[in-house]
>>> print(open('work-v8.cif').read())   # mmCIF, C-alpha atoms
data_input
loop_
_atom_site.label_atom_id
_atom_site.label_comp_id
_atom_site.auth_asym_id
_atom_site.auth_seq_id
_atom_site.Cartn_x
_atom_site.Cartn_y
_atom_site.Cartn_z
CA MET A 1 -14.44 -58.26 -86.38
CA ASN A 2 -18.03 -57.66 -87.43
CA LEU A 3 -18.55 -54.85 -84.95
CA VAL A 4 -15.45 -53.09 -86.23
CA GLN A 5 -16.72 -53.45 -89.79
CA ALA A 6 -20.11 -52.05 -88.79
CA ILE A 7 -18.45 -48.94 -87.36
CA GLN A 8 -16.37 -48.50 -90.49
CA ALA A 9 -19.37 -49.02 -92.76
CA GLU A 10 -21.14 -46.09 -91.09
CA GLN A 11 -18.46 -43.72 -92.31
CA ILE A 12 -17.80 -44.98 -95.80
CA LYS A 13 -19.12 -42.56 -98.39
CA SER A 14 -21.23 -44.08 -101.10
CA GLU A 15 -22.37 -40.92 -102.88
CA LEU A 16 -18.96 -40.09 -104.37
CA PRO A 17 -18.55 -40.94 -108.06
CA ALA A 18 -16.25 -43.79 -108.99
CA PHE A 19 -12.98 -42.39 -110.25
CA CYS A 20 -9.66 -43.98 -111.04
CA VAL A 21 -5.99 -43.13 -111.22
CA GLY A 22 -5.43 -41.01 -114.32
CA ASP A 23 -8.71 -39.12 -114.07
CA THR A 24 -8.80 -35.36 -113.79
CA VAL A 25 -11.02 -34.38 -110.91
CA ARG A 26 -12.27 -31.34 -109.07
CA VAL A 27 -12.35 -31.83 -105.30
CA SER A 28 -14.50 -29.57 -103.16
CA PHE A 29 -12.72 -29.42 -99.84
CA LYS A 30 -14.23 -27.78 -96.79
CA ILE A 31 -11.92 -25.38 -94.97
CA VAL A 32 -12.68 -24.22 -91.46
CA GLU A 33 -11.23 -20.84 -90.50
CA GLY A 34 -12.15 -20.10 -86.95
CA LYS A 35 -15.91 -20.05 -87.06
CA THR A 36 -16.44 -19.58 -90.77
CA GLU A 37 -16.50 -22.40 -93.26
CA ARG A 38 -15.83 -22.23 -96.94
CA VAL A 39 -15.41 -24.70 -99.75
CA GLN A 40 -12.25 -24.66 -101.77
CA ALA A 41 -12.01 -26.36 -105.13
CA TYR A 42 -8.84 -28.18 -106.06
CA GLU A 43 -8.45 -29.48 -109.56
CA GLY A 44 -5.87 -31.89 -110.86
CA LEU A 45 -4.82 -35.33 -111.93
CA VAL A 46 -5.29 -38.33 -109.63
CA ILE A 47 -1.87 -39.95 -109.55
CA ALA A 48 -2.34 -42.46 -106.73
CA MET A 49 -4.93 -44.12 -104.56
CA LYS A 50 -4.04 -45.82 -101.31
CA ASN A 51 -6.52 -48.32 -99.95
CA ALA A 52 -6.31 -48.46 -96.19
CA GLY A 53 -9.87 -49.27 -95.25
CA ILE A 54 -11.61 -46.25 -93.85
CA GLY A 55 -8.46 -44.17 -94.20
CA LYS A 56 -8.41 -44.57 -97.99
CA THR A 57 -6.69 -41.62 -99.66
CA PHE A 58 -6.11 -40.29 -103.14
CA THR A 59 -3.37 -37.96 -104.34
CA VAL A 60 -4.18 -35.13 -106.72
CA ARG A 61 -1.41 -33.40 -108.63
CA LYS A 62 -1.67 -30.11 -110.42
CA ASN A 63 0.62 -27.51 -111.88
CA SER A 64 0.29 -24.19 -110.14
CA TYR A 65 2.14 -21.34 -111.86
CA GLY A 66 4.88 -23.70 -113.00
CA ILE A 67 5.22 -25.52 -109.73
CA GLY A 68 3.90 -29.02 -109.22
CA VAL A 69 1.54 -29.29 -106.25
CA GLU A 70 0.31 -32.54 -104.77
CA ARG A 71 -2.42 -32.92 -102.18
CA VAL A 72 -3.54 -36.06 -100.43
CA PHE A 73 -7.24 -36.26 -99.59
CA PRO A 74 -8.84 -38.84 -97.31
CA LEU A 75 -11.69 -40.16 -99.42
CA ASN A 76 -14.12 -40.73 -96.57
CA SER A 77 -13.35 -37.53 -94.71
CA PRO A 78 -16.36 -35.33 -93.93
CA ARG A 79 -14.30 -32.41 -95.26
CA VAL A 80 -14.32 -33.79 -98.79
CA GLU A 81 -17.67 -32.44 -99.94
CA SER A 82 -17.70 -33.73 -103.48
CA VAL A 83 -15.48 -35.10 -106.20
CA GLU A 84 -16.32 -34.27 -109.79
CA VAL A 85 -14.74 -36.22 -112.63
CA LEU A 86 -13.82 -33.79 -115.40
CA ARG A 87 -11.92 -36.10 -117.71
CA ARG A 88 -11.18 -39.78 -117.66
CA GLY A 89 -7.64 -40.90 -118.31
CA LYS A 90 -6.20 -43.86 -120.14
CA VAL A 91 -3.35 -45.22 -118.02
CA ARG A 92 -1.57 -48.54 -117.59
CA ARG A 93 -0.20 -47.99 -114.08
CA ALA A 94 -1.77 -47.89 -110.65
CA LYS A 95 0.56 -45.12 -109.50
CA LEU A 96 1.55 -42.29 -111.82
CA TYR A 97 4.57 -41.12 -109.85
CA TYR A 98 6.61 -41.04 -113.09
CA ILE A 99 4.70 -37.91 -114.09
CA ARG A 100 6.62 -35.91 -111.49
CA THR A 101 9.78 -36.07 -113.56
CA LYS A 102 8.13 -35.42 -116.93
CA VAL A 103 7.53 -32.11 -118.60
CA GLY A 104 5.51 -31.07 -121.62
CA LYS A 105 3.58 -33.61 -123.59
CA LYS A 106 4.99 -36.56 -121.65
CA SER A 107 3.41 -35.28 -118.48
CA LYS A 108 -0.05 -35.56 -120.03
CA VAL A 109 -2.41 -38.48 -119.75
CA LYS A 110 -4.43 -39.57 -122.77
CA GLU A 111 -8.18 -39.37 -122.48
CA LEU A 112 -10.09 -42.59 -122.07
CA ILE A 113 -12.67 -42.93 -124.83
CA VAL A 114 -15.40 -45.36 -123.91
CA SER A 115 -17.74 -46.71 -126.54
CA LYS A 116 -21.29 -46.00 -125.54
CA LYS A 117 -23.37 -48.94 -124.51
CA PRO A 118 -26.82 -49.43 -126.04
CA GLU A 119 -28.56 -48.37 -122.80
CA GLY A 120 -26.67 -45.14 -122.90
CA GLY A 121 -24.42 -45.88 -119.93
CA THR A 122 -20.93 -44.49 -120.23
CA GLU A 123 -19.37 -46.89 -117.76
CA ALA A 124 -16.45 -48.89 -119.08
CA MET B 1 -17.40 -44.28 -59.72
CA ILE B 2 -19.28 -45.19 -62.85
CA GLY B 3 -17.90 -48.20 -64.64
CA LEU B 4 -18.87 -51.14 -66.76
CA ILE B 5 -17.50 -54.49 -67.80
CA GLY B 6 -16.83 -54.89 -71.50
CA LYS B 7 -14.99 -56.81 -74.12
CA LYS B 8 -12.18 -55.50 -76.31
CA ILE B 9 -13.15 -56.05 -79.92
CA GLY B 10 -10.35 -54.45 -81.89
CA MET B 11 -9.02 -51.22 -83.29
CA THR B 12 -10.15 -49.04 -86.16
CA GLN B 13 -10.26 -45.35 -87.09
CA VAL B 14 -13.08 -42.82 -87.07
CA PHE B 15 -13.38 -39.29 -88.40
CA ASP B 16 -14.25 -36.57 -85.93
CA ASP B 17 -16.42 -33.59 -86.83
CA ILE B 18 -13.53 -31.53 -88.19
CA GLY B 19 -12.22 -34.33 -90.35
CA ARG B 20 -9.36 -35.68 -88.27
CA LEU B 21 -8.86 -39.43 -88.38
CA ILE B 22 -8.72 -40.77 -84.83
CA PRO B 23 -7.43 -44.22 -83.83
CA VAL B 24 -9.96 -45.92 -81.57
CA THR B 25 -10.42 -49.20 -79.78
CA VAL B 26 -13.90 -50.68 -79.96
CA VAL B 27 -15.14 -51.92 -76.59
CA GLN B 28 -18.34 -53.90 -76.60
CA ILE B 29 -20.36 -53.33 -73.47
CA VAL B 30 -22.01 -56.63 -72.69
CA PRO B 31 -25.18 -56.33 -70.52
CA ASN B 32 -24.02 -55.69 -66.97
CA VAL B 33 -26.21 -57.01 -64.18
CA VAL B 34 -26.29 -55.48 -60.74
CA VAL B 35 -25.63 -58.57 -58.65
CA GLY B 36 -25.40 -56.95 -55.26
CA LYS B 37 -24.90 -53.79 -53.30
CA LYS B 38 -22.51 -53.12 -50.44
CA THR B 39 -23.45 -50.49 -47.91
CA ALA B 40 -21.41 -48.57 -45.41
CA ASP B 41 -23.54 -49.84 -42.50
CA VAL B 42 -23.02 -53.52 -43.23
CA ASP B 43 -19.75 -53.71 -45.18
CA GLY B 44 -17.99 -50.52 -44.23
CA TYR B 45 -18.05 -49.05 -47.72
CA ASP B 46 -20.50 -48.30 -50.52
CA ALA B 47 -20.18 -50.32 -53.69
CA VAL B 48 -22.14 -51.92 -56.48
CA VAL B 49 -21.30 -55.46 -57.59
CA LEU B 50 -21.57 -55.85 -61.34
CA GLY B 51 -21.61 -59.12 -63.21
CA ALA B 52 -21.17 -59.85 -66.88
CA PHE B 53 -20.98 -62.80 -69.28
CA ASP B 54 -23.74 -65.25 -68.33
CA LYS B 55 -22.86 -68.71 -67.17
CA LYS B 56 -25.05 -71.77 -66.98
CA LYS B 57 -26.45 -72.34 -63.54
CA THR B 58 -25.35 -75.96 -63.65
CA ARG B 59 -21.75 -74.93 -64.32
CA VAL B 60 -21.19 -72.86 -61.19
CA THR B 61 -20.29 -74.17 -57.77
CA LYS B 62 -22.81 -73.68 -55.02
CA PRO B 63 -20.71 -71.20 -53.03
CA TYR B 64 -20.18 -69.09 -56.17
CA GLY B 65 -23.78 -69.39 -57.32
CA GLY B 66 -25.00 -68.46 -53.88
CA GLN B 67 -23.92 -64.87 -54.43
CA PHE B 68 -26.60 -64.42 -57.05
CA ALA B 69 -30.11 -63.63 -55.91
CA GLU B 70 -33.06 -65.56 -57.23
CA GLY B 71 -33.83 -64.73 -60.83
CA ILE B 72 -30.32 -63.52 -61.66
CA THR B 73 -28.28 -65.71 -63.99
CA PRO B 74 -24.81 -66.41 -62.62
CA THR B 75 -22.07 -64.53 -64.43
CA ARG B 76 -18.47 -65.37 -65.18
CA ILE B 77 -17.12 -62.05 -63.97
CA LEU B 78 -17.91 -60.07 -60.84
CA ARG B 79 -16.47 -56.61 -60.23
CA GLU B 80 -17.11 -54.16 -57.45
CA MET B 81 -17.47 -50.47 -58.21
CA LYS B 82 -16.91 -48.27 -55.20
CA GLY B 83 -19.10 -45.21 -54.96
CA PHE B 84 -21.31 -45.87 -57.99
CA GLU B 85 -22.79 -42.47 -58.83
CA LYS B 86 -26.00 -43.76 -60.41
CA GLU B 87 -28.90 -45.08 -58.40
CA VAL B 88 -29.31 -48.76 -59.26
CA ASN B 89 -31.11 -51.73 -57.76
CA VAL B 90 -30.18 -55.37 -57.59
CA GLY B 91 -31.24 -57.10 -60.79
CA ASP B 92 -30.96 -54.00 -62.99
CA LYS B 93 -29.37 -54.43 -66.39
CA LEU B 94 -26.94 -51.64 -67.31
CA ASP B 95 -25.91 -50.77 -70.84
CA ALA B 96 -23.49 -48.39 -72.52
CA SER B 97 -25.82 -45.39 -72.11
CA ILE B 98 -24.56 -45.06 -68.52
CA LEU B 99 -21.32 -43.70 -69.94
CA ASP B 100 -23.14 -40.88 -71.78
CA GLY B 101 -21.49 -37.59 -70.93
CA VAL B 102 -18.32 -39.20 -69.64
CA ARG B 103 -15.36 -37.60 -71.42
CA TYR B 104 -12.41 -39.58 -70.11
CA VAL B 105 -12.14 -43.15 -68.87
CA ASP B 106 -9.62 -45.44 -67.21
CA VAL B 107 -9.47 -48.92 -68.68
CA THR B 108 -8.22 -51.96 -66.78
CA ALA B 109 -7.37 -55.26 -68.44
CA THR B 110 -4.88 -58.10 -68.36
CA SER B 111 -2.01 -57.41 -70.72
CA LYS B 112 -0.73 -59.82 -73.35
CA GLY B 113 1.77 -62.36 -72.06
CA LYS B 114 5.25 -61.85 -73.47
CA GLY B 115 6.88 -65.02 -72.10
CA PHE B 116 10.36 -65.15 -70.58
CA GLN B 117 12.09 -61.93 -71.55
CA GLY B 118 15.50 -60.42 -70.96
CA VAL B 119 16.24 -57.22 -69.09
CA GLN B 120 16.29 -55.00 -72.17
CA LYS B 121 12.71 -55.72 -73.14
CA ARG B 122 11.40 -56.28 -69.62
CA TRP B 123 13.01 -53.38 -67.79
CA GLY B 124 14.41 -51.20 -70.56
CA PHE B 125 18.10 -51.71 -69.78
CA GLY B 126 20.42 -50.06 -72.26
CA GLY B 127 22.69 -53.02 -72.98
CA GLY B 128 26.20 -52.82 -74.33
CA ARG B 129 27.66 -52.35 -77.78
CA ASN B 130 27.78 -55.28 -80.14
CA THR B 131 31.15 -54.66 -81.78
CA HIS B 132 34.59 -53.14 -81.12
CA GLY B 133 35.64 -55.98 -78.82
CA SER B 134 32.68 -55.62 -76.51
CA LYS B 135 31.71 -58.74 -74.64
CA PHE B 136 28.73 -57.14 -72.95
CA HIS B 137 25.67 -57.33 -75.18
CA ARG B 138 22.24 -57.86 -73.60
CA GLU B 139 23.31 -59.15 -70.19
CA PRO B 140 21.77 -57.88 -66.94
CA GLY B 141 25.21 -56.83 -65.61
CA SER B 142 25.96 -56.44 -61.96
CA THR B 143 23.30 -57.31 -59.41
CA GLY B 144 24.97 -55.82 -56.35
CA GLN B 145 28.16 -55.20 -54.40
CA CYS B 146 30.85 -57.58 -52.97
CA THR B 147 31.98 -58.41 -49.41
CA TRP B 148 29.28 -56.19 -48.01
CA PRO B 149 26.34 -56.95 -48.21
CA HIS B 150 27.43 -60.34 -49.51
CA LYS B 151 24.09 -60.94 -51.18
CA SER B 152 21.90 -59.55 -53.93
CA PHE B 153 19.11 -57.43 -52.58
CA LYS B 154 15.53 -58.30 -53.21
CA ASN B 155 13.63 -56.80 -56.18
CA ILE B 156 16.70 -56.66 -58.45
CA LYS B 157 15.57 -56.30 -62.05
CA LEU B 158 16.36 -59.58 -63.79
CA PRO B 159 15.03 -61.58 -66.74
CA GLY B 160 11.75 -63.39 -66.24
CA ARG B 161 8.13 -63.70 -67.18
CA MET B 162 6.75 -60.53 -68.67
CA GLY B 163 3.20 -59.41 -69.30
CA ARG B 164 -0.11 -61.06 -68.44
CA GLU B 165 -0.61 -58.76 -65.51
CA GLN B 166 -3.27 -56.25 -64.65
CA VAL B 167 -2.69 -52.96 -66.43
CA THR B 168 -4.70 -49.77 -66.10
CA VAL B 169 -4.46 -47.08 -68.74
CA GLN B 170 -5.69 -43.74 -67.45
CA ASN B 171 -7.29 -40.72 -69.07
CA LEU B 172 -8.37 -42.23 -72.37
CA LYS B 173 -10.75 -40.03 -74.31
CA VAL B 174 -14.20 -41.38 -75.07
CA VAL B 175 -14.76 -40.73 -78.75
CA ARG B 176 -18.28 -42.09 -79.02
CA VAL B 177 -20.84 -43.97 -76.95
CA ASP B 178 -23.26 -45.96 -79.08
CA ALA B 179 -25.92 -47.52 -76.89
CA ALA B 180 -27.77 -49.00 -79.87
CA LYS B 181 -24.74 -51.03 -80.89
CA SER B 182 -23.72 -51.25 -77.22
CA VAL B 183 -20.19 -50.12 -77.97
CA VAL B 184 -17.85 -47.48 -76.61
CA LEU B 185 -15.08 -46.10 -78.79
CA VAL B 186 -12.03 -45.18 -76.75
CA ARG B 187 -9.17 -43.21 -78.25
CA GLY B 188 -5.90 -45.13 -78.48
CA ALA B 189 -4.84 -48.64 -77.60
CA LEU B 190 -5.93 -50.79 -74.68
CA PRO B 191 -4.01 -53.53 -72.88
CA GLY B 192 -4.73 -57.14 -73.68
CA PRO B 193 -5.54 -59.23 -76.74
CA ARG B 194 -8.76 -59.02 -78.74
CA ASN B 195 -11.83 -60.47 -77.05
CA CYS B 196 -10.36 -59.94 -73.59
CA ASP B 197 -12.39 -58.63 -70.68
CA VAL B 198 -11.92 -54.98 -69.85
CA LEU B 199 -13.19 -52.73 -67.14
CA VAL B 200 -14.13 -49.25 -68.33
CA ARG B 201 -14.37 -46.72 -65.52
CA LYS B 202 -14.82 -42.99 -65.43
CA ALA B 203 -11.40 -41.38 -65.13
CA ILE B 204 -10.40 -40.48 -61.60
CA LYS B 205 -7.87 -37.82 -62.60
CA LYS B 206 -9.58 -36.09 -65.50
CA SER B 207 -13.16 -35.15 -66.25
#
>>> encode(input="work-v8.cif", output="structure tokens")
Amino acid sequence: MNLVQAIQAEQIKSELPAFCVGDTVRVSFKIVEGKTERVQAYEGLVIAMKNAGIGKTFTVRKNSYGIGVERVFPLNSPRVESVEVLRRGKVRRAKLYYIRTKVGKKSKVKELIVSKKPEGGTEA
Amino acid sequence: MIGLIGKKIGMTQVFDDIGRLIPVTVVQIVPNVVVGKKTADVDGYDAVVLGAFDKKKTRVTKPYGGQFAEGITPTRILREMKGFEKEVNVGDKLDASILDGVRYVDVTATSKGKGFQGVQKRWGFGGGRNTHGSKFHREPGSTGQCTWPHKSFKNIKLPGRMGREQVTVQNLKVVRVDAAKSVVLVRGALPGPRNCDVLVRKAIKKS
């Protein structure tokens, strides 16, 4: 299967920042309308990540004028221009589907506070 | 018709330029050697004989090895391509770049063997209901009439060995031709198991 892996490796994006379930992110998504292209930003909470090799996806949930909106982005898609981590979340689950039924304070995710390492790296 | 011998490697997915995820089968194009040429004057038709997968010279019989000109390693597979549209000479090595610009291909391979199968799987019979007193479940049913013709006709669909036969899938889209890796990515599934030999030809019905 090495040849298959080589073809997949060509497409895997390495420049995207590492983000986890529970993080709040801003996704820049390229939208093609006829001949024009524009970049749309979508901001929300990452509630799930599905690992399916090259077709790996993540689900971003946000509240738009009182209505919950979820979008699934393929991580390695050329249409995902960038992913910016705005806030890291402290969660104990891999999938935050329970948030769909919660309102108010229970629908929030606590921020992950990481003690700074001596070298100045903020990685956990 | 342009065509090459290859090997089915497996399936994966690739993104196209507008971000759609496309299922593809990876076909490795092993080096194809032009073993011989048939001409209309001598043989009655024009064709190019391609060989692939080298074999030791000591392992081939003399009649088989005699088909290969001096300096050409005998190959396990020989396939004729009628009306090859590229000018080639005996001894030339062909790679995947021949398929550059080809948009659709037909792929021929031997399908996976399914063993002895009943009529529902083999021929798509509907079968009967399982409950409500039914005694007709997956049986083949009637195979003909009675006093006349007093026999079952030939070619009645019955249970038997299924699969492991030559299958051609037509009009498969070529997603990418990578001559450096010597692979062709073909949209969709191909017949046969992994590592089986396949014949990739330019589509005859679609261009």
>>> atom_distance(input="work-v8.cif", atom1="atom CA of Asn76 of chain A", atom2="atom CA of Val102 of chain B")
27.3 Å
>>> interface_residues(input="work-v8.cif", of="chain A", to="chain B", cutoff="7 Å", atoms="all atoms listed in the file", output="compact mmCIF listing (two decimals) with C-alpha atoms, keeping the file's coordinate frame")
# COMPACT_ATOMS: atom_id res chain seq x y z
CA MET A 1 -14.44 -58.26 -86.38
CA VAL A 4 -15.45 -53.09 -86.23
CA ILE A 54 -11.61 -46.25 -93.85
CA SER A 77 -13.35 -37.53 -94.71
CA PRO A 78 -16.36 -35.33 -93.93
CA ARG A 79 -14.30 -32.41 -95.26
>>> residues_around(input="work-v8.cif", residues="Ile204 of chain B", least_positions_apart="4", cutoff="10 Å", atoms="all atoms listed in the file", output="PyMOL selection string")
chain B and resi 1+104-106+170-171
>>> write_last_selection(input="work-v8.cif", atoms="C-alpha atoms", output="PDB file, keeping the file's coordinate frame")
ATOM      1  CA  MET B   1     -17.400 -44.280 -59.720  1.00  0.00           C
ATOM      2  CA  TYR B 104     -12.410 -39.580 -70.110  1.00  0.00           C
ATOM      3  CA  VAL B 105     -12.140 -43.150 -68.870  1.00  0.00           C
ATOM      4  CA  ASP B 106      -9.620 -45.440 -67.210  1.00  0.00           C
ATOM      5  CA  GLN B 170      -5.690 -43.740 -67.450  1.00  0.00           C
ATOM      6  CA  ASN B 171      -7.290 -40.720 -69.070  1.00  0.00           C
TER       7      ASN B 171
END
>>> atom_distance(input="work-v8.cif", atom1="atom CA of Gly44 of chain A", atom2="atom CA of Lys56 of chain A")
18.2 Å
>>> residues_near_point(input="work-v8.cif", point="(-19.5, -41.5, -104.4)", cutoff="12 Å", atoms="all atoms listed in the file", output="PyMOL selection string")
chain A and resi 12-19+75-76+80-85
>>> closest_residue(input="work-v8.cif", among="A:Ala48, A:Cys20, A:Arg88, A:Val39", to="Arg71 of chain A", atoms="all atoms listed in the file")
A:Ala48
>>> decode(input="work-v8.cif", residues="segment 136-150 of chain B", atoms="N, CA and C atoms", output="tab-separated table (two decimals), in the first residue's frame")
chain	number	residue	atom	x	y	z
B	136	PHE	N	-41.00	-21.11	-0.57
B	136	PHE	CA	-40.13	-20.78	-1.70
B	136	PHE	C	-39.24	-19.62	-1.27
B	137	HIS	N	-37.99	-19.91	-0.94
B	137	HIS	CA	-37.13	-18.88	-0.37
B	137	HIS	C	-36.09	-18.36	-1.37
B	138	ARG	N	-35.04	-19.13	-1.60
B	138	ARG	CA	-33.98	-18.65	-2.51
B	138	ARG	C	-33.80	-19.61	-3.69
B	139	GLU	N	-34.79	-20.46	-3.91
B	139	GLU	CA	-34.65	-21.50	-4.95
B	139	GLU	C	-34.65	-20.90	-6.35
B	140	PRO	N	-34.12	-21.66	-7.33
B	140	PRO	CA	-34.15	-21.14	-8.70
B	140	PRO	C	-35.55	-21.16	-9.31
B	141	GLY	N	-36.44	-22.05	-8.82
B	141	GLY	CA	-37.79	-22.10	-9.38
B	141	GLY	C	-37.85	-22.99	-10.62
B	142	SER	N	-38.77	-22.68	-11.48
B	142	SER	CA	-38.97	-23.51	-12.66
B	142	SER	C	-37.85	-23.30	-13.67
B	143	THR	N	-37.48	-24.38	-14.36
B	143	THR	CA	-36.45	-24.24	-15.38
B	143	THR	C	-37.00	-24.54	-16.77
B	144	GLY	N	-38.34	-24.64	-16.90
B	144	GLY	CA	-38.87	-24.85	-18.23
B	144	GLY	C	-40.30	-25.36	-18.18
B	145	GLN	N	-40.78	-25.88	-19.30
B	145	GLN	CA	-42.16	-26.32	-19.40
B	145	GLN	C	-42.28	-27.82	-19.11
B	146	CYS	N	-43.34	-28.50	-19.66
B	146	CYS	CA	-43.62	-29.89	-19.26
B	146	CYS	C	-43.50	-30.85	-20.45
B	147	THR	N	-44.61	-31.39	-20.92
B	147	THR	CA	-44.58	-32.43	-21.96
B	147	THR	C	-43.80	-31.96	-23.18
B	148	TRP	N	-44.14	-30.74	-23.62
B	148	TRP	CA	-43.29	-30.11	-24.63
B	148	TRP	C	-42.51	-29.02	-23.94
B	149	PRO	N	-41.29	-28.85	-24.10
B	149	PRO	CA	-40.31	-29.55	-24.95
B	149	PRO	C	-39.67	-30.76	-24.28
B	150	HIS	N	-40.16	-31.09	-23.07
B	150	HIS	CA	-39.66	-32.28	-22.40
B	150	HIS	C	-38.18	-32.20	-22.04
